[in-house]
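The next block holds one structure in the form of C-alpha cells; read it before the comments.
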Amino acid sequence: MWRLANQIRPYAWGSTTSIPDRLGVAPDGRPQAELWMGAHPGAPSRIEAEAGPVALDAAIAGDPKEMLGEDVVLHFGERLPFLLKLLAAEQPLSLQVHPSAARARAGYAAENAAGVPLDAPHRNYKDPFHKPELVLALDAFEALCGFRDPALARAELDGLASPLAVALRTDLAAPEPHSALRAAMTRLLTLPPERRTAEVDGFVGELAELPVDAVPDGGGAAVVLELAERYPGDPGAVAALLLNHVTLAPGEALFLPAGNVHAYLRGTAVEIMAGSDNVLRAGLTPKHVDADELLDVVEFAVLPVPYAVPDLCDGRIEHRPDVADFALSIITPDAAEGPGPRGPAIVFVLEGEAGLRSESGRGLVLGRGESAFVPASCGEVTLTGPARVVAATTGRI
C-alpha cells in the first residue's frame with residue numbers, strides 16, 4: 001500500500017476554500033476545483049517507491065499484474081480503469097455529455113486517421129474509452145442532469161414573444177418528446193453566429209422581466225437567468241430550461257451514463273468515473289463545441305432523475321452502477337477491524353483517522369484528507385477507525 005500525493009486542478013470555477021478544508025490545509029487564495037486520485041496521465045498521483053517518488057501510472061506500467069491483478073489487466077488492459085476526484089464547484093461547470101464506449105473508439109480512431117493532434121483544442125476524443133461517472137454529494141450539491149418533460153419547459157415559455165422563445169415553443173410542441181427535445185436542442189446549438197448573441201440576449205431579457213410570481217417553483221427560468229449572467233450570449237444557458245434541476249443532500253448521488261446531458265452548478269462532492277478524458281460540450285464554456293457530434297451522442301429521452309441507489313453490505317454503503325469500470329463504497333470503521341476494499345483500490349479519508357492493514361501484515365494510517373493506493377497483490381485489506389472513508393474499486397471486484 002502506498003500513500004498518494006495528488007494533484008489539484010486549479011480551474012477557474014473551483015472553490016478557494018472547500019478542498020483545502022477537506023485536506024486540512026490553509027487556502028492559498030486560488031481556485032481549487034478538483035483533486036485527482038488515480039493514474040490518469042493528465043494528472044497522475046505519485047507514490048513513494050523504493051527508488052523515490054514515481055507517478056502511479058508509471059508504477060502500474062512497471063508491474064501491471066501485481067498492481068492491478070490479472071482480471072483487471074485482462075478486461076481493461078494495463079491501466080487503472082477508474083479515476084477518483086474530490087470536486088468543489090463555486091461556479092457552474094460546462095454543459096456536457098460523454099460518449100458510449102463504441103462511440104469513443106470510433107471517434108478516437110477517426111480523429112487519429114484524420115491527423116488531428118491529441119492536444120488540438122478542437123479535438124473531441126482524447127482516448128478510446130467511455131466516461132460514465134457517479135457523483136456523491138458531501139454538502140448541498142446542485143446539478144442539471146437529463147431532460148425533463150418538454151411540456152414543462154414549454155409551459156415556462158407561455159406569454160414570451162421573443163423570436164427564440166416563439167421558435168422553442170413550436171419545437172417543444174412536437175407530439176413525441178424525443179422529437180421535441182431534439183428540435184429544441186438542435187436549434188440552440190446551431191443558432192447562426194451572426195444572430196446568436198442577439199437572440200439569446202433577447203430571450204433572457206424577456207425572461208428577466210417576468211414577475212416573480214410568474215416563475216414556477218422548481219422551474220428552469222431562475223437557472224437560465226443565473227447562467228446567462230455568467231455566460232452572456234451562450235445558448236447553453238437557455239438549454240438549462242430543458243433539463244432537470246437537482247439539489248442533492250449530503251450522501252445522495254447521481255449516476256450519469258453515456259448520453260446524459262449534465263452540468264454541475266455548485267457544491268462539493270466525491271466523483272468517480274471511468275478513466276477517460278472524453279467530454280463533448282454543449283455550452284457554458286469558452287472551449288470547443290462540436291454541435292453535430294454532440295447531437296449524435298445525446299440521448300433525447302425523458303427519464304427519471306438518475307439518482308444512484310446504493311446497497312448496504314456489511315455496514316458499508318456501496319454504489320455499483322451498471323458499469324465494470326468502477327464501484328464506490330462509503331465505509332465507517334470503528335475501533336475493531338472490519339473488511340476493507342480489495343485492490344486495485346484507492347482509499348480516501350473524509351473524516352477521522354483510518355488504519356489499513358493487508359494480509360501480509362503491512363499497514364498504513366491515514367488522516368483526514370489523505371489517500372492511498374491498494375494494489376491487487378495486497379489481497380484482503382482490513383480497516384480500523386474511527387473514520388469515514390470512501391473506497392474506489394473496479395466494478396468487477
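Identifiers in the C-alpha cells: chain A, B, ... in order shown; residue index from 1 per chain; ligand index from 1 in order shown.
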
All residues 12 Å or closer to region 15-19 of chain A, only C-alpha atoms, same chain fewer than 6 positions away omitted, as JSON, numbers by chain: {"A": [7, 8, 9, 25, 26, 27, 28, 29, 30, 31, 32, 33, 34, 35, 36, 85, 86, 87, 88, 89, 90, 91, 92, 138, 139, 265, 266, 267, 268, 269, 270, 350, 368, 369, 370]}

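Non-sequential neighbours of Thr285 (chain A) (distance at most 10 Å, separation of 6 or more positions within a chain, only C-alpha atoms) are Pro92, Leu93, Ser94, Leu95, Gln96, Tyr231, Asp234 and Gly236 of chain A.
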
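For region 44-47 of chain A, the set of protein, DNA and RNA residues having any atom at most 7 Å away, when counting only C-alpha atoms and skipping those fewer than 6 positions along the same chain, is Trp2, Arg3, Leu4, Ala5, Asn6, Gln7, Met37, Gly38, Pro53, Val54, Ala55, Leu56 and Asp57 of chain A.
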
Atoms to include: C-alpha atoms. Write the selected residues as a PDB file, in the first residue's frame.
```pdb
ATOM      1  CA  TRP A   2       1.197   3.474  -0.846  1.00  0.00           C
ATOM      2  CA  ARG A   3       0.199   6.869   0.431  1.00  0.00           C
ATOM      3  CA  LEU A   4      -0.724   9.118  -2.506  1.00  0.00           C
ATOM      4  CA  ALA A   5       0.471  12.611  -3.330  1.00  0.00           C
ATOM      5  CA  ASN A   6      -2.303  14.018  -5.515  1.00  0.00           C
ATOM      6  CA  GLN A   7      -2.559  16.897  -7.949  1.00  0.00           C
ATOM      7  CA  MET A  37      -6.619  10.491  -7.181  1.00  0.00           C
ATOM      8  CA  GLY A  38      -5.501   7.840  -9.624  1.00  0.00           C
ATOM      9  CA  PRO A  53       8.780   9.262  -5.940  1.00  0.00           C
ATOM     10  CA  VAL A  54       7.130   7.826  -9.045  1.00  0.00           C
ATOM     11  CA  ALA A  55       3.891   8.575 -10.881  1.00  0.00           C
ATOM     12  CA  LEU A  56       1.211   5.962 -10.244  1.00  0.00           C
ATOM     13  CA  ASP A  57       0.672   5.304 -13.947  1.00  0.00           C
TER      14      ASP A  57
END
```

### Message
If you run DSSP on the backbone here, which positions in region 119-152 of chain A get strand (DSSP E)? Please write them as a ChimeraX atom specification.
### Response
/A:133-137,141-147

Can you list, as a list in words, every protein, DNA or RNA residue that comes within 6 Å of Gly275 (chain A) when you count only C-alpha atoms, leaving out same-chain residues fewer than 2 positions away?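 My list of contacting residues is Pro81, Phe82 and Leu83 of chain A.
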
- Item | DSSP alpha helix (DSSP H) residues within region 45-257 of chain A, listed as a PyMOL selection string | chain A and resi 56-62+64-68+70-76+101-113+150-155+163-171+177-189+193-208+221-230+235-239

note - CA of Pro333 (chain A) and CA of Leu312 (chain A) are separated by 14.2 Å

query: How far is it from CA of Gly251 (chain A) to CA of Arg316 (chain A), in Å with one decimal?
result: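 For CA of Gly251 (chain A) relative to CA of Arg316 (chain A), the distance reads 12.6 Å.
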
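Across A:Ala109, A:Gly233, A:Val289, A:Gly343, the tightest approach to Gly205 (chain A) is made by A:Gly233 when counting only C-alpha atoms.
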
- [ ] Might you pull out every residue within 12 Å of Asp322 (chain A), with only C-alpha atoms counted and same-chain residues fewer than 6 positions away left off, and present them as a VMD selection string?
- [x] chain A and resid 132 to 134 255 to 258 308 to 309 394 to 396

Now that the selection is made, can you save its residues with N, CA and C atoms as an mmCIF file, in the first residue's frame?
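selection.cif, written as the output of this step:
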```cif
data_model
loop_
_atom_site.group_PDB
_atom_site.id
_atom_site.type_symbol
_atom_site.label_atom_id
_atom_site.label_comp_id
_atom_site.auth_asym_id
_atom_site.auth_seq_id
_atom_site.Cartn_x
_atom_site.Cartn_y
_atom_site.Cartn_z
ATOM 1 N N PRO A 132 -18.573 7.099 -18.162
ATOM 2 C CA PRO A 132 -19.680 7.211 -17.210
ATOM 3 C C PRO A 132 -19.138 7.701 -15.876
ATOM 4 N N GLU A 133 -19.983 8.363 -15.083
ATOM 5 C CA GLU A 133 -19.499 8.889 -13.813
ATOM 6 C C GLU A 133 -20.596 8.891 -12.752
ATOM 7 N N LEU A 134 -20.155 8.856 -11.514
ATOM 8 C CA LEU A 134 -21.048 8.910 -10.364
ATOM 9 C C LEU A 134 -20.564 10.019 -9.452
ATOM 10 N N PHE A 255 -25.877 8.950 -10.912
ATOM 11 C CA PHE A 255 -25.064 8.195 -11.865
ATOM 12 C C PHE A 255 -25.394 8.711 -13.250
ATOM 13 N N LEU A 256 -24.375 9.150 -13.978
ATOM 14 C CA LEU A 256 -24.553 9.781 -15.277
ATOM 15 C C LEU A 256 -23.927 8.910 -16.361
ATOM 16 N N PRO A 257 -24.749 8.139 -17.071
ATOM 17 C CA PRO A 257 -24.231 7.268 -18.126
ATOM 18 C C PRO A 257 -23.988 8.044 -19.410
ATOM 19 N N ALA A 258 -23.546 7.350 -20.435
ATOM 20 C CA ALA A 258 -23.326 7.973 -21.739
ATOM 21 C C ALA A 258 -24.628 8.590 -22.237
ATOM 22 N N ALA A 308 -28.561 7.589 -7.828
ATOM 23 C CA ALA A 308 -27.870 6.311 -7.630
ATOM 24 C C ALA A 308 -28.308 5.747 -6.281
ATOM 25 N N VAL A 309 -28.962 4.614 -6.317
ATOM 26 C CA VAL A 309 -29.461 3.986 -5.094
ATOM 27 C C VAL A 309 -28.439 2.951 -4.628
ATOM 28 N N THR A 394 -12.719 -1.352 -8.932
ATOM 29 C CA THR A 394 -13.387 -1.668 -10.187
ATOM 30 C C THR A 394 -14.730 -2.323 -9.879
ATOM 31 N N GLY A 395 -15.610 -2.301 -10.838
ATOM 32 C CA GLY A 395 -16.915 -2.926 -10.652
ATOM 33 C C GLY A 395 -16.868 -4.427 -10.739
ATOM 34 N N ARG A 396 -15.698 -5.000 -11.011
ATOM 35 C CA ARG A 396 -15.580 -6.446 -11.157
ATOM 36 C C ARG A 396 -15.194 -7.119 -9.854
#
```

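The shortest atom-to-atom distance to Gly220 (chain A), with only C-alpha atoms taken into account, belongs to A:Leu144 out of A:Leu144, A:Ala183, A:Leu254, A:Leu168.
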